[in-house]
file input_19.txt (compact mmCIF, C-alpha atoms)
# COMPACT_ATOMS: atom_id res chain seq x y z
CA MET M 1 -5.68 -31.22 1.39
CA ILE M 2 -1.98 -31.92 2.07
CA LYS M 3 -1.02 -30.21 -1.17
CA LYS M 4 -3.04 -27.16 -0.19
CA LEU M 5 -1.43 -26.97 3.24
CA VAL M 6 2.06 -27.32 1.74
CA LEU M 7 1.21 -24.55 -0.70
CA ILE M 8 0.03 -22.26 2.10
CA ALA M 9 3.11 -23.02 4.20
CA ALA M 10 5.40 -22.26 1.28
CA ILE M 11 3.70 -18.93 0.60
CA PHE M 12 4.21 -17.72 4.14
CA LEU M 13 7.55 -19.34 4.88
CA LEU M 14 9.35 -17.98 1.84
CA PRO M 15 9.27 -14.34 3.00
CA GLY M 16 10.15 -15.42 6.53
CA VAL M 17 13.35 -17.14 5.46
CA SER M 18 14.68 -13.89 4.10
CA LEU M 19 14.01 -11.84 7.24
CA PRO M 20 17.49 -12.07 8.82
CA GLY M 21 19.03 -10.28 5.86
CA PHE M 22 16.59 -7.42 6.01
CA SER M 23 17.98 -4.30 7.62
CA GLN M 24 15.68 -1.43 6.69
CA GLU M 25 15.07 0.86 9.66
CA LYS M 26 11.33 1.33 8.94
CA PRO M 27 10.21 -1.91 7.34
CA ILE M 28 7.31 -2.49 9.70
CA ARG M 29 4.31 -0.40 10.59
CA ILE M 30 2.42 -1.47 13.69
CA ASP M 31 -1.11 -0.29 14.26
CA LEU M 32 -2.43 -0.96 17.74
CA SER M 33 -6.13 -0.29 17.93
CA THR M 34 -8.75 -0.74 20.58
CA ILE M 35 -11.86 -1.62 18.62
CA LYS M 36 -15.47 -1.97 19.67
CA THR M 37 -17.49 -4.04 17.24
CA GLU M 38 -21.17 -4.45 16.60
CA LEU M 39 -21.13 -7.24 19.17
CA ARG M 40 -19.99 -4.64 21.70
CA GLN M 41 -16.91 -6.60 22.63
CA ASN M 42 -13.67 -4.82 23.19
CA ALA M 43 -10.89 -6.12 21.05
CA ILE M 44 -7.30 -5.33 20.28
CA SER M 45 -6.42 -5.21 16.62
CA LEU M 46 -2.87 -5.68 15.54
CA GLY M 47 -2.07 -4.72 11.99
CA VAL M 48 1.34 -5.22 10.56
CA THR M 49 2.29 -4.06 7.12
CA TYR M 50 5.46 -5.55 5.89
CA LEU M 51 6.74 -4.16 2.64
CA LYS M 52 10.13 -4.47 1.09
CA SER M 53 11.79 -4.52 -2.25
CA LEU M 54 13.27 -7.55 -3.91
CA ASP M 55 16.82 -6.31 -3.43
CA SER M 56 16.20 -6.50 0.32
CA LEU M 57 14.93 -10.04 -0.03
CA PHE M 58 17.85 -11.00 -2.18
CA THR M 59 21.33 -9.62 -2.61
CA LEU M 60 20.56 -8.98 -6.28
CA GLN M 61 18.87 -5.89 -7.69
CA ASP M 62 15.15 -6.33 -8.30
CA ILE M 63 13.41 -6.34 -11.66
CA LEU M 64 13.15 -3.06 -13.54
CA LEU M 65 12.44 -2.82 -17.24
CA ALA M 66 13.06 0.66 -18.67
CA GLU M 67 11.33 1.38 -21.96
CA LYS M 68 10.65 4.62 -23.84
CA ASN M 69 8.24 6.62 -21.64
CA ALA M 70 7.40 3.49 -19.64
CA LEU M 71 8.78 1.26 -16.90
CA PHE M 72 7.95 -1.96 -15.05
CA GLN M 73 9.04 -2.82 -11.48
CA VAL M 74 8.17 -5.71 -9.12
CA THR M 75 7.88 -5.74 -5.28
CA PRO M 76 6.76 -8.44 -2.80
CA GLU M 77 4.24 -7.45 -0.13
CA PHE M 78 2.99 -9.12 3.06
CA ASP M 79 0.10 -7.69 5.07
CA VAL M 80 -1.46 -8.90 8.31
CA LEU M 81 -4.55 -7.49 9.97
CA THR M 82 -5.71 -9.64 12.87
CA GLY M 83 -7.15 -9.28 16.33
CA THR M 84 -8.84 -10.88 19.29
CA GLU M 85 -12.52 -11.67 19.78
CA ASP M 86 -14.53 -10.69 16.74
CA ALA M 87 -12.32 -7.95 15.28
CA PHE M 88 -11.97 -7.89 11.51
CA SER M 89 -9.08 -10.01 10.36
CA SER M 90 -7.21 -10.73 7.18
CA VAL M 91 -3.80 -11.82 5.93
CA SER M 92 -2.43 -11.36 2.46
CA ALA M 93 0.84 -12.21 0.73
CA ARG M 94 1.45 -11.15 -2.79
CA LEU M 95 3.96 -10.31 -5.44
CA SER M 96 3.10 -6.89 -6.73
CA GLY M 97 4.48 -4.59 -9.35
CA ILE M 98 3.83 -1.45 -11.28
CA TYR M 99 3.74 -0.47 -14.92
CA MET M 100 3.97 3.26 -15.61
CA ARG M 101 3.38 5.47 -18.65
CA PHE M 102 4.76 9.01 -18.50
CA GLY M 103 6.14 11.90 -20.47
CA ASP M 104 9.84 12.68 -20.16
CA THR M 105 11.84 15.88 -19.78
CA LEU M 106 15.42 17.10 -19.54
CA ILE M 107 16.61 18.28 -16.11
CA ASP M 108 20.14 19.72 -16.28
CA GLY M 109 20.61 17.80 -19.52
CA VAL M 110 19.52 14.49 -17.97
CA LEU M 111 16.55 12.62 -19.47
CA THR M 112 14.07 11.70 -16.72
CA PRO M 113 10.34 10.97 -16.31
CA ASN M 114 8.37 14.20 -16.09
CA THR M 115 6.76 13.77 -12.67
CA ALA M 116 5.82 17.47 -12.75
CA ARG M 117 2.92 16.41 -14.95
CA GLY M 118 0.30 13.76 -14.31
CA PHE M 119 1.10 10.21 -15.35
CA GLN M 120 -0.60 6.84 -15.44
CA THR M 121 0.23 3.89 -13.20
CA PHE M 122 -1.02 0.33 -13.56
CA PRO M 123 -0.35 -1.64 -10.36
CA PHE M 124 -0.80 -5.37 -10.42
CA SER M 125 -0.41 -8.19 -7.94
CA ALA M 126 -0.69 -11.93 -7.63
CA GLY M 127 -1.01 -13.66 -4.28
CA PHE M 128 -3.21 -14.96 -1.51
CA GLU M 129 -5.62 -13.42 0.98
CA THR M 130 -6.91 -15.23 4.05
CA ASN M 131 -8.14 -14.58 7.58
CA ASN M 132 -6.23 -15.26 10.78
CA LYS M 133 -7.90 -18.64 11.27
CA PHE M 134 -6.82 -19.73 7.79
CA ASN M 135 -10.30 -21.09 7.13
CA VAL M 136 -10.70 -18.82 4.11
CA LEU M 137 -8.09 -18.75 1.36
CA ASN M 138 -8.43 -16.84 -1.89
CA GLY M 139 -5.84 -16.95 -4.65
CA ILE M 140 -6.13 -13.57 -6.36
CA VAL M 141 -4.67 -11.87 -9.41
CA GLU M 142 -5.38 -8.14 -9.53
CA ALA M 143 -4.64 -5.47 -12.10
CA GLY M 144 -5.71 -1.86 -11.99
CA TRP M 145 -5.39 1.72 -13.11
CA VAL M 146 -4.36 4.46 -10.68
CA PRO M 147 -3.92 7.89 -12.27
CA TRP M 148 -1.27 10.00 -10.51
CA TYR M 149 -2.71 13.52 -10.62
CA GLN M 150 -1.39 14.58 -7.20
CA THR M 151 1.97 15.84 -8.48
CA GLN M 152 2.85 19.26 -7.05
CA GLY M 153 4.03 20.46 -10.46
CA ASN M 154 0.49 20.13 -11.82
CA HIS M 155 -0.75 23.62 -10.94
CA LYS M 156 -4.09 23.18 -12.72
CA THR M 157 -5.17 20.50 -10.25
CA PRO M 158 -7.05 21.96 -7.24
CA ALA M 159 -5.10 21.66 -3.98
CA TRP M 160 -7.85 19.63 -2.26
CA LEU M 161 -7.84 17.09 -5.10
CA LYS M 162 -4.15 16.40 -4.47
CA HIS M 163 -5.12 14.97 -1.08
CA THR M 164 -7.26 12.29 -2.72
CA LYS M 165 -6.53 9.05 -4.56
CA PHE M 166 -8.54 6.91 -6.90
CA GLY M 167 -8.18 3.50 -8.51
CA LEU M 168 -10.07 0.90 -10.54
CA PHE M 169 -9.17 -2.77 -10.42
CA VAL M 170 -10.16 -6.17 -11.78
CA GLN M 171 -9.67 -9.17 -9.48
CA ALA M 172 -9.78 -12.78 -10.57
CA GLY M 173 -8.88 -15.96 -8.75
CA TYR M 174 -10.07 -18.99 -6.84
CA LYS M 175 -11.52 -19.54 -3.36
CA PHE M 176 -10.03 -22.68 -1.83
CA GLY M 177 -12.19 -24.77 0.51
CA ILE M 178 -9.69 -25.47 3.28
CA ASP M 179 -11.73 -25.13 6.48
CA THR M 180 -11.14 -28.26 8.55
CA THR M 181 -10.73 -26.36 11.83
CA GLY M 182 -14.30 -26.93 12.99
CA VAL M 183 -14.08 -23.50 14.62
CA THR M 184 -17.11 -21.29 14.14
CA ALA M 185 -16.07 -17.78 13.17
CA MET M 186 -17.74 -15.04 15.19
CA GLY M 187 -18.70 -11.42 14.54
CA GLY M 188 -16.20 -9.61 12.35
CA GLU M 189 -14.47 -12.87 11.40
CA THR M 190 -17.58 -14.32 9.77
CA ASP M 191 -17.31 -14.92 6.05
CA GLN M 192 -20.34 -13.13 4.65
CA SER M 193 -19.29 -13.18 1.01
CA TYR M 194 -21.32 -15.06 -1.58
CA GLU M 195 -18.12 -16.48 -3.07
CA ALA M 196 -18.41 -20.23 -2.57
CA PRO M 197 -15.42 -22.41 -1.58
CA ASP M 198 -13.76 -24.29 -4.44
CA HIS M 199 -15.16 -21.85 -6.95
CA ALA M 200 -13.70 -19.10 -9.10
CA ILE M 201 -13.62 -15.42 -8.10
CA LEU M 202 -14.19 -12.54 -10.48
CA ARG M 203 -14.71 -9.02 -9.15
CA THR M 204 -14.19 -5.43 -10.13
CA LYS M 205 -13.15 -2.96 -7.45
CA GLY M 206 -13.27 0.79 -7.19
CA SER M 207 -11.35 2.67 -4.50
CA PHE M 208 -11.32 6.27 -3.33
CA GLY M 209 -9.30 7.75 -0.50
CA ILE M 210 -8.63 11.10 1.11
CA ASP M 211 -5.97 12.09 3.63
CA THR M 212 -5.88 15.77 4.49
CA GLN M 213 -2.84 15.30 6.76
CA SER M 214 -2.64 18.07 9.35
CA LEU M 215 -5.37 20.63 8.65
CA PHE M 216 -4.87 22.69 11.80
CA GLU M 217 -3.24 22.47 15.24
CA LEU M 218 -4.79 22.08 18.68
CA SER M 219 -2.30 22.77 21.48
CA GLY M 220 0.55 21.73 19.22
CA VAL M 221 -1.18 18.57 18.00
CA GLY M 222 -1.97 18.45 14.27
CA VAL M 223 -5.52 17.42 13.39
CA GLY M 224 -6.64 15.93 10.08
CA ILE M 225 -9.14 13.54 8.56
CA ALA M 226 -8.60 10.40 6.53
CA GLY M 227 -11.07 8.17 4.79
CA ASN M 228 -11.24 5.27 2.40
CA ALA M 229 -14.13 3.80 0.44
CA ASP M 230 -13.94 0.55 -1.52
CA GLY M 231 -16.67 -1.07 -3.55
CA TRP M 232 -16.67 -4.47 -5.22
CA TYR M 233 -18.94 -5.98 -7.81
CA ASP M 234 -18.96 -9.79 -7.74
CA PHE M 235 -19.64 -10.77 -11.35
CA LEU M 236 -20.17 -14.47 -10.65
CA ASN M 237 -22.74 -13.96 -7.88
CA ASN M 238 -24.14 -10.62 -9.02
CA ARG M 239 -23.44 -9.05 -5.63
CA VAL M 240 -22.08 -5.72 -4.42
CA TYR M 241 -19.82 -5.43 -1.38
CA TYR M 242 -18.39 -2.31 0.18
CA SER M 243 -16.13 -1.05 2.93
CA VAL M 244 -16.05 2.52 4.23
CA GLN M 245 -13.61 3.83 6.81
CA GLY M 246 -13.33 7.29 8.32
CA LYS M 247 -10.74 8.60 10.77
CA ILE M 248 -10.08 11.76 12.74
CA ARG M 249 -6.30 11.77 13.08
CA PHE M 250 -4.14 13.52 15.66
CA TYR M 251 -0.48 13.86 14.72
CA LEU M 252 1.72 13.63 17.78
CA ALA M 253 4.57 16.12 18.16
CA GLY M 254 4.26 17.14 14.52
CA ASP M 255 5.57 13.74 13.43
CA LYS M 256 3.60 12.17 10.57
CA ASP M 257 4.92 8.75 11.63
CA ARG M 258 3.14 8.91 15.00
CA PHE M 259 -0.55 9.54 15.16
CA PHE M 260 -3.65 8.72 17.13
CA ASP M 261 -6.94 7.91 15.39
CA PHE M 262 -10.60 7.88 16.25
CA LYS M 263 -12.07 5.67 13.59
CA TYR M 264 -15.21 4.08 12.24
CA GLN M 265 -15.40 1.27 9.69
CA LYS M 266 -18.42 -0.25 7.98
CA GLY M 267 -17.73 -3.50 6.14
CA SER M 268 -14.54 -5.53 6.37
CA GLY M 269 -13.71 -5.82 2.68
CA ALA M 270 -12.01 -8.89 1.20
CA PRO M 271 -11.94 -11.79 1.78
CA ASN M 272 -14.82 -12.01 4.28
CA PHE M 273 -16.87 -9.02 3.09
CA ASN M 274 -18.33 -8.90 6.58
CA GLU M 275 -21.04 -6.26 6.74
CA GLY M 276 -20.57 -5.38 10.39
CA ASP M 277 -19.18 -2.14 11.68
CA GLN M 278 -16.48 -1.34 14.17
CA PHE M 279 -15.36 1.82 15.83
CA GLY M 280 -12.67 2.74 18.26
CA MET M 281 -9.32 4.39 18.58
CA GLY M 282 -5.79 3.50 17.68
CA LEU M 283 -2.17 4.57 17.99
CA THR M 284 0.14 4.08 15.03
CA LEU M 285 3.91 4.17 15.37
CA MET M 286 6.24 3.62 12.43
CA PHE M 287 9.76 2.58 13.26
CA MET C 1 16.33 13.34 -7.28
CA LYS C 2 15.37 16.78 -5.99
CA PHE C 3 13.19 17.41 -9.07
CA HIS C 4 11.11 14.30 -8.32
CA LEU C 5 11.01 14.93 -4.56
CA LYS C 6 9.58 18.41 -5.22
CA ASN C 7 6.81 16.87 -7.27
CA PHE C 8 5.88 14.42 -4.47
CA ASN C 9 6.27 17.07 -1.77
CA ASP C 10 2.73 17.66 -0.49
CA GLU C 11 3.78 18.82 2.98
CA GLY C 12 6.00 21.79 2.17
CA VAL C 13 9.23 20.08 3.20
CA VAL C 14 12.40 21.97 2.24
CA ILE C 15 14.03 20.04 -0.58
CA ASN C 16 17.83 20.06 -0.65
CA ASP C 17 20.74 17.63 -0.30
CA ASP C 18 19.90 17.10 3.36
CA THR C 19 16.23 16.22 2.81
CA ILE C 20 15.29 12.86 4.31
CA HIS C 21 13.28 10.79 1.83
CA SER C 22 10.75 9.58 4.41
CA ALA C 23 9.81 13.21 5.17
CA VAL C 24 8.43 13.53 1.65
CA LEU C 25 7.60 10.07 0.34
CA SER C 26 5.12 7.49 1.59
CA ASP C 27 4.17 3.90 0.82
CA SER C 28 0.50 4.52 1.62
CA ASP C 29 -0.40 7.55 -0.50
CA GLY C 30 -1.66 5.41 -3.37
CA TYR C 31 -2.90 1.87 -3.94
CA GLY C 32 -0.57 -1.14 -3.87
CA SER C 33 2.63 -0.44 -5.72
CA SER C 34 1.28 2.84 -6.98
CA ASN C 35 2.69 5.00 -4.17
CA SER C 36 5.25 7.82 -4.07
CA LYS C 37 7.98 5.71 -2.45
CA THR C 38 7.83 3.00 -5.11
CA ILE C 39 7.35 5.46 -7.98
CA TYR C 40 10.29 7.63 -6.85
CA ARG C 41 12.60 4.64 -6.74
CA ALA C 42 11.39 3.43 -10.13
CA VAL C 43 11.80 6.77 -11.90
CA ILE C 44 15.30 7.33 -10.47
CA ARG C 45 16.33 3.86 -11.65
CA TRP C 46 14.73 4.52 -15.07
CA THR C 47 16.78 7.75 -15.26
CA MET C 48 19.99 5.93 -14.41
CA LYS C 49 19.42 3.27 -17.04
CA LYS C 50 18.30 5.63 -19.80
CA ASN C 51 21.32 7.87 -19.28
CA GLY C 52 23.82 5.05 -19.54
CA HIS C 53 24.62 4.69 -15.85
CA GLU C 54 24.88 1.46 -13.88
CA ASP C 55 21.65 0.50 -12.08
CA LYS C 56 23.32 -0.06 -8.70
CA PRO C 57 21.48 -1.76 -5.79
CA TRP C 58 19.92 0.78 -3.44
CA PRO C 59 21.01 0.69 0.22
CA PRO C 60 18.32 -0.92 2.43
CA ASP C 61 18.13 2.21 4.61
CA TRP C 62 17.76 4.74 1.78
CA PHE C 63 14.22 5.75 2.78
CA ASP C 64 15.39 7.18 6.09
CA LYS C 65 18.50 8.77 4.68
CA SER C 66 19.19 12.01 2.83
CA VAL C 67 19.40 12.81 -0.85
CA GLU C 68 23.15 13.24 -0.49
CA TYR C 69 23.55 9.79 1.11
CA LEU C 70 21.55 8.04 -1.61
CA SER C 71 23.43 9.90 -4.33
CA SER C 72 26.74 8.76 -2.92
CA CYS C 73 25.54 5.14 -3.00
CA ILE C 74 24.03 4.88 -6.46
CA LEU C 75 25.85 7.50 -8.57
call {"tool": "encode", "arguments": {"input": "input_19.txt", "output": "structure tokens"}}
result
Amino acid sequence: MIKKLVLIAAIFLLPGVSLPGFSQEKPIRIDLSTIKTELRQNAISLGVTYLKSLDSLFTLQDILLAEKNALFQVTPEFDVLTGTEDAFSSVSARLSGIYMRFGDTLIDGVLTPNTARGFQTFPFSAGFETNNKFNVLNGIVEAGWVPWYQTQGNHKTPAWLKHTKFGLFVQAGYKFGIDTTGVTAMGGETDQSYEAPDHAILRTKGSFGIDTQSLFELSGVGVGIAGNADGWYDFLNNRVYYSVQGKIRFYLAGDKDRFFDFKYQKGSGAPNFNEGDQFGMGLTLMF
Amino acid sequence: MKFHLKNFNDEGVVINDDTIHSAVLSDSDGYGSSNSKTIYRAVIRWTMKKNGHEDKPWPPDWFDKSVEYLSSCIL
């Protein structure tokens, strides 16, 4: 147990140590949401996405391998989604990277990846996911395929399709049995997955998303819709999990960094795979 | 840089030396590291390396700065 706690502390303290040297102006996105869950309890959800490149963590340049028509780059990532009462909650820390395959072209005599045509990306990550009570801890390695067909130079792709995204992933890891808190999780915090503590994890995941951005304006406020659907197949327990989220988004003052959402979500996703639903509204400010 | 920004430009932003990267790129338009912000940075660095230039560290505030500012830092 002590070893596990030391491991968890190290995972979350390592990024924290580097914070004073980090000076990006928009490193943090805060999502303040008033959420009403299936238990009909009002809750405040605070989501923080913290993303930075290795050369912000360290004074050295991060890892980039440049090969013929391919590259490899690594980035650390730290996500927190937590809340009060029974709001969905999760925390993840991971080292993630990307491998890309692309065609190349000459622009003003300079050889460069041809992003005017579609290309293939293979994101991967290794890290931990937990909830805000730290009574669930999954060590996860994930690799996937995300085709990049949204490029504006690809005139054969329908315009509406460029507002979508798609990915397939394989996730493998281990679910640590660390719950010594004696606290009973409620509502959206309840672990409803069939993945047993101190057992291996092996899932495949499919994801689809759409973000129309501002479709039209109402009294100077841009209106759009956004949605995400994720499905998992748990190979070891022969179970299917899913999470679906839909939002009507109002862009404030024409600024895509400030928007107000009415949203509905069914299913929490990993690690709890809670099947409840939650709906509410939220204001997102990026600064 | 402007060639790649045009290809990620899904909001009709005017692309020139004064274009602010964050007006065009995003870290949430894909999945994980597969997003336009990460891909843009990777392809520019690939271009620098493959054309015999030094792969200089990017300034921490590049995302909220212009094409001209980033060029002056890494070229």
call {"tool": "residues_around", "arguments": {"input": "input_19.txt", "residues": "Ser268 of chain M", "least_positions_apart": "5", "cutoff": "7 Å", "atoms": "all atoms listed in the file", "output": "ChimeraX atom specification"}}
result
/M:88,243,273-275
call {"tool": "closest_atom_pairs", "arguments": {"input": "input_19.txt", "of": "chain C", "to": "chain M", "cutoff": "6 Å", "atoms": "all atoms listed in the file", "output": "JSON lines"}}
result
{"residue": "C:Asn7", "atom": "CA", "partner": "M:Gln152", "partner_atom": "CA", "distance": 4.6}
{"residue": "C:Phe8", "atom": "CA", "partner": "M:Thr151", "partner_atom": "CA", "distance": 5.8}
{"residue": "C:Ser33", "atom": "CA", "partner": "M:Pro123", "partner_atom": "CA", "distance": 5.6}
{"residue": "C:Ser34", "atom": "CA", "partner": "M:Pro123", "partner_atom": "CA", "distance": 5.8}
{"residue": "C:Trp46", "atom": "CA", "partner": "M:Ala66", "partner_atom": "CA", "distance": 5.5}
{"residue": "C:Thr47", "atom": "CA", "partner": "M:Thr112", "partner_atom": "CA", "distance": 5.0}
{"residue": "C:Pro57", "atom": "CA", "partner": "M:Gln61", "partner_atom": "CA", "distance": 5.2}
{"residue": "C:Pro60", "atom": "CA", "partner": "M:Gln24", "partner_atom": "CA", "distance": 5.0}
{"residue": "C:Asp61", "atom": "CA", "partner": "M:Gln24", "partner_atom": "CA", "distance": 4.9}
call {"tool": "residues_around", "arguments": {"input": "input_19.txt", "residues": "Lys56 of chain C", "least_positions_apart": "3", "cutoff": "9 Å", "atoms": "all atoms listed in the file", "output": "VMD selection string"}}
result
(chain M and resid 61) or (chain C and resid 45 48 53 73 to 75)
call {"tool": "write_last_selection", "arguments": {"input": "input_19.txt", "atoms": "C-alpha atoms", "output": "compact mmCIF listing (two decimals), in the coordinates of the input"}}
result
# COMPACT_ATOMS: atom_id res chain seq x y z
CA GLN M 61 18.87 -5.89 -7.69
CA ARG C 45 16.33 3.86 -11.65
CA MET C 48 19.99 5.93 -14.41
CA HIS C 53 24.62 4.69 -15.85
CA CYS C 73 25.54 5.14 -3.00
CA ILE C 74 24.03 4.88 -6.46
CA LEU C 75 25.85 7.50 -8.57
call {"tool": "residues_around", "arguments": {"input": "input_19.txt", "residues": "segment 14-28 of chain C", "least_positions_apart": "5", "cutoff": "9 Å", "atoms": "only C-alpha atoms", "output": "mmCIF file with C-alpha atoms, in the coordinates of the input"}}
result
data_model
loop_
_atom_site.group_PDB
_atom_site.id
_atom_site.type_symbol
_atom_site.label_atom_id
_atom_site.label_comp_id
_atom_site.auth_asym_id
_atom_site.auth_seq_id
_atom_site.Cartn_x
_atom_site.Cartn_y
_atom_site.Cartn_z
ATOM 1 C CA LEU M 51 6.740 -4.160 2.640
ATOM 2 C CA LYS M 256 3.600 12.170 10.570
ATOM 3 C CA LYS C 2 15.370 16.780 -5.990
ATOM 4 C CA PHE C 3 13.190 17.410 -9.070
ATOM 5 C CA LEU C 5 11.010 14.930 -4.560
ATOM 6 C CA LYS C 6 9.580 18.410 -5.220
ATOM 7 C CA PHE C 8 5.880 14.420 -4.470
ATOM 8 C CA ASN C 9 6.270 17.070 -1.770
ATOM 9 C CA SER C 33 2.630 -0.440 -5.720
ATOM 10 C CA SER C 34 1.280 2.840 -6.980
ATOM 11 C CA ASN C 35 2.690 5.000 -4.170
ATOM 12 C CA SER C 36 5.250 7.820 -4.070
ATOM 13 C CA LYS C 37 7.980 5.710 -2.450
ATOM 14 C CA THR C 38 7.830 3.000 -5.110
ATOM 15 C CA TYR C 40 10.290 7.630 -6.850
ATOM 16 C CA TRP C 62 17.760 4.740 1.780
ATOM 17 C CA PHE C 63 14.220 5.750 2.780
ATOM 18 C CA ASP C 64 15.390 7.180 6.090
ATOM 19 C CA LYS C 65 18.500 8.770 4.680
ATOM 20 C CA SER C 66 19.190 12.010 2.830
ATOM 21 C CA VAL C 67 19.400 12.810 -0.850
ATOM 22 C CA GLU C 68 23.150 13.240 -0.490
ATOM 23 C CA TYR C 69 23.550 9.790 1.110
#
call {"tool": "closest_residue", "arguments": {"input": "input_19.txt", "among": "M:Phe119, M:Tyr251, M:Phe216, M:Phe262", "to": "Tyr149 of chain M", "atoms": "only C-alpha atoms"}}
result
M:Phe119
call {"tool": "closest_residue", "arguments": {"input": "input_19.txt", "among": "C:Ala42, C:Asp29, C:Val13, C:His4", "to": "Asn228 of chain M", "atoms": "all atoms listed in the file"}}
result
C:Asp29
call {"tool": "atom_distance", "arguments": {"input": "input_19.txt", "atom1": "atom CA of Gly12 of chain C", "atom2": "atom CA of Leu218 of chain M"}}
result
19.7 Å
call {"tool": "atom_distance", "arguments": {"input": "input_19.txt", "atom1": "atom CA of Gly267 of chain M", "atom2": "atom CA of Thr212 of chain M"}}
result
22.7 Å
call {"tool": "atom_distance", "arguments": {"input": "input_19.txt", "atom1": "atom CA of Ala226 of chain M", "atom2": "atom CA of Val244 of chain M"}}
result
11.1 Å
call {"tool": "residues_near_point", "arguments": {"input": "input_19.txt", "point": "(-6.2, -8.5, -9.2)", "cutoff": "6 Å", "atoms": "only C-alpha atoms", "output": "MDAnalysis selection string"}}
result
chainID M and resid 125 140:143 170:172
call {"tool": "residues_around", "arguments": {"input": "input_19.txt", "residues": "Leu215 of chain M", "least_positions_apart": "4", "cutoff": "9 Å", "atoms": "only C-alpha atoms", "output": "JSON, numbers by chain"}}
result
{"M": [222, 223, 224, 225]}
call {"tool": "write_last_selection", "arguments": {"input": "input_19.txt", "atoms": "C-alpha atoms", "output": "mmCIF file, in the frame of the given file"}}
result
data_model
loop_
_atom_site.group_PDB
_atom_site.id
_atom_site.type_symbol
_atom_site.label_atom_id
_atom_site.label_comp_id
_atom_site.auth_asym_id
_atom_site.auth_seq_id
_atom_site.Cartn_x
_atom_site.Cartn_y
_atom_site.Cartn_z
ATOM 1 C CA GLY M 222 -1.970 18.450 14.270
ATOM 2 C CA VAL M 223 -5.520 17.420 13.390
ATOM 3 C CA GLY M 224 -6.640 15.930 10.080
ATOM 4 C CA ILE M 225 -9.140 13.540 8.560
#
call {"tool": "build_atoms", "arguments": {"input": "input_19.txt", "residues": "segment 51-64 of chain C", "atoms": "N, CA and C atoms", "output": "JSON list (two decimals), keeping the file's coordinate frame"}}
result
[["chain", "number", "residue", "atom", "x", "y", "z"],
["C", 51, "ASN", "N", 20.20, 6.96, -19.06],
["C", 51, "ASN", "CA", 21.32, 7.87, -19.28],
["C", 51, "ASN", "C", 22.66, 7.15, -19.24],
["C", 52, "GLY", "N", 22.60, 5.83, -19.38],
["C", 52, "GLY", "CA", 23.82, 5.05, -19.54],
["C", 52, "GLY", "C", 24.58, 4.77, -18.27],
["C", 53, "HIS", "N", 23.93, 4.97, -17.11],
["C", 53, "HIS", "CA", 24.62, 4.69, -15.85],
["C", 53, "HIS", "C", 24.28, 3.29, -15.35],
["C", 54, "GLU", "N", 25.12, 2.77, -14.48],
["C", 54, "GLU", "CA", 24.88, 1.46, -13.88],
["C", 54, "GLU", "C", 23.70, 1.55, -12.91],
["C", 55, "ASP", "N", 22.80, 0.57, -12.99],
["C", 55, "ASP", "CA", 21.65, 0.50, -12.08],
["C", 55, "ASP", "C", 22.10, -0.22, -10.80],
["C", 56, "LYS", "N", 22.74, 0.55, -9.90],
["C", 56, "LYS", "CA", 23.32, -0.06, -8.70],
["C", 56, "LYS", "C", 22.23, -0.39, -7.68],
["C", 57, "PRO", "N", 22.45, -1.45, -6.87],
["C", 57, "PRO", "CA", 21.48, -1.76, -5.79],
["C", 57, "PRO", "C", 21.37, -0.59, -4.82],
["C", 58, "TRP", "N", 20.14, -0.30, -4.39],
["C", 58, "TRP", "CA", 19.92, 0.78, -3.44],
["C", 58, "TRP", "C", 20.20, 0.28, -2.03],
["C", 59, "PRO", "N", 20.77, 1.12, -1.17],
["C", 59, "PRO", "CA", 21.01, 0.69, 0.22],
["C", 59, "PRO", "C", 19.67, 0.43, 0.92],
["C", 60, "PRO", "N", 19.59, -0.59, 1.77],
["C", 60, "PRO", "CA", 18.32, -0.92, 2.43],
["C", 60, "PRO", "C", 17.74, 0.22, 3.27],
["C", 61, "ASP", "N", 18.61, 1.13, 3.73],
["C", 61, "ASP", "CA", 18.13, 2.21, 4.61],
["C", 61, "ASP", "C", 17.92, 3.53, 3.88],
["C", 62, "TRP", "N", 17.83, 3.49, 2.54],
["C", 62, "TRP", "CA", 17.76, 4.74, 1.78],
["C", 62, "TRP", "C", 16.57, 5.61, 2.17],
["C", 63, "PHE", "N", 15.45, 4.99, 2.54],
["C", 63, "PHE", "CA", 14.22, 5.75, 2.78],
["C", 63, "PHE", "C", 14.38, 6.71, 3.96],
["C", 64, "ASP", "N", 15.20, 6.33, 4.91],
["C", 64, "ASP", "CA", 15.39, 7.18, 6.09],
["C", 64, "ASP", "C", 16.69, 7.96, 6.03]]
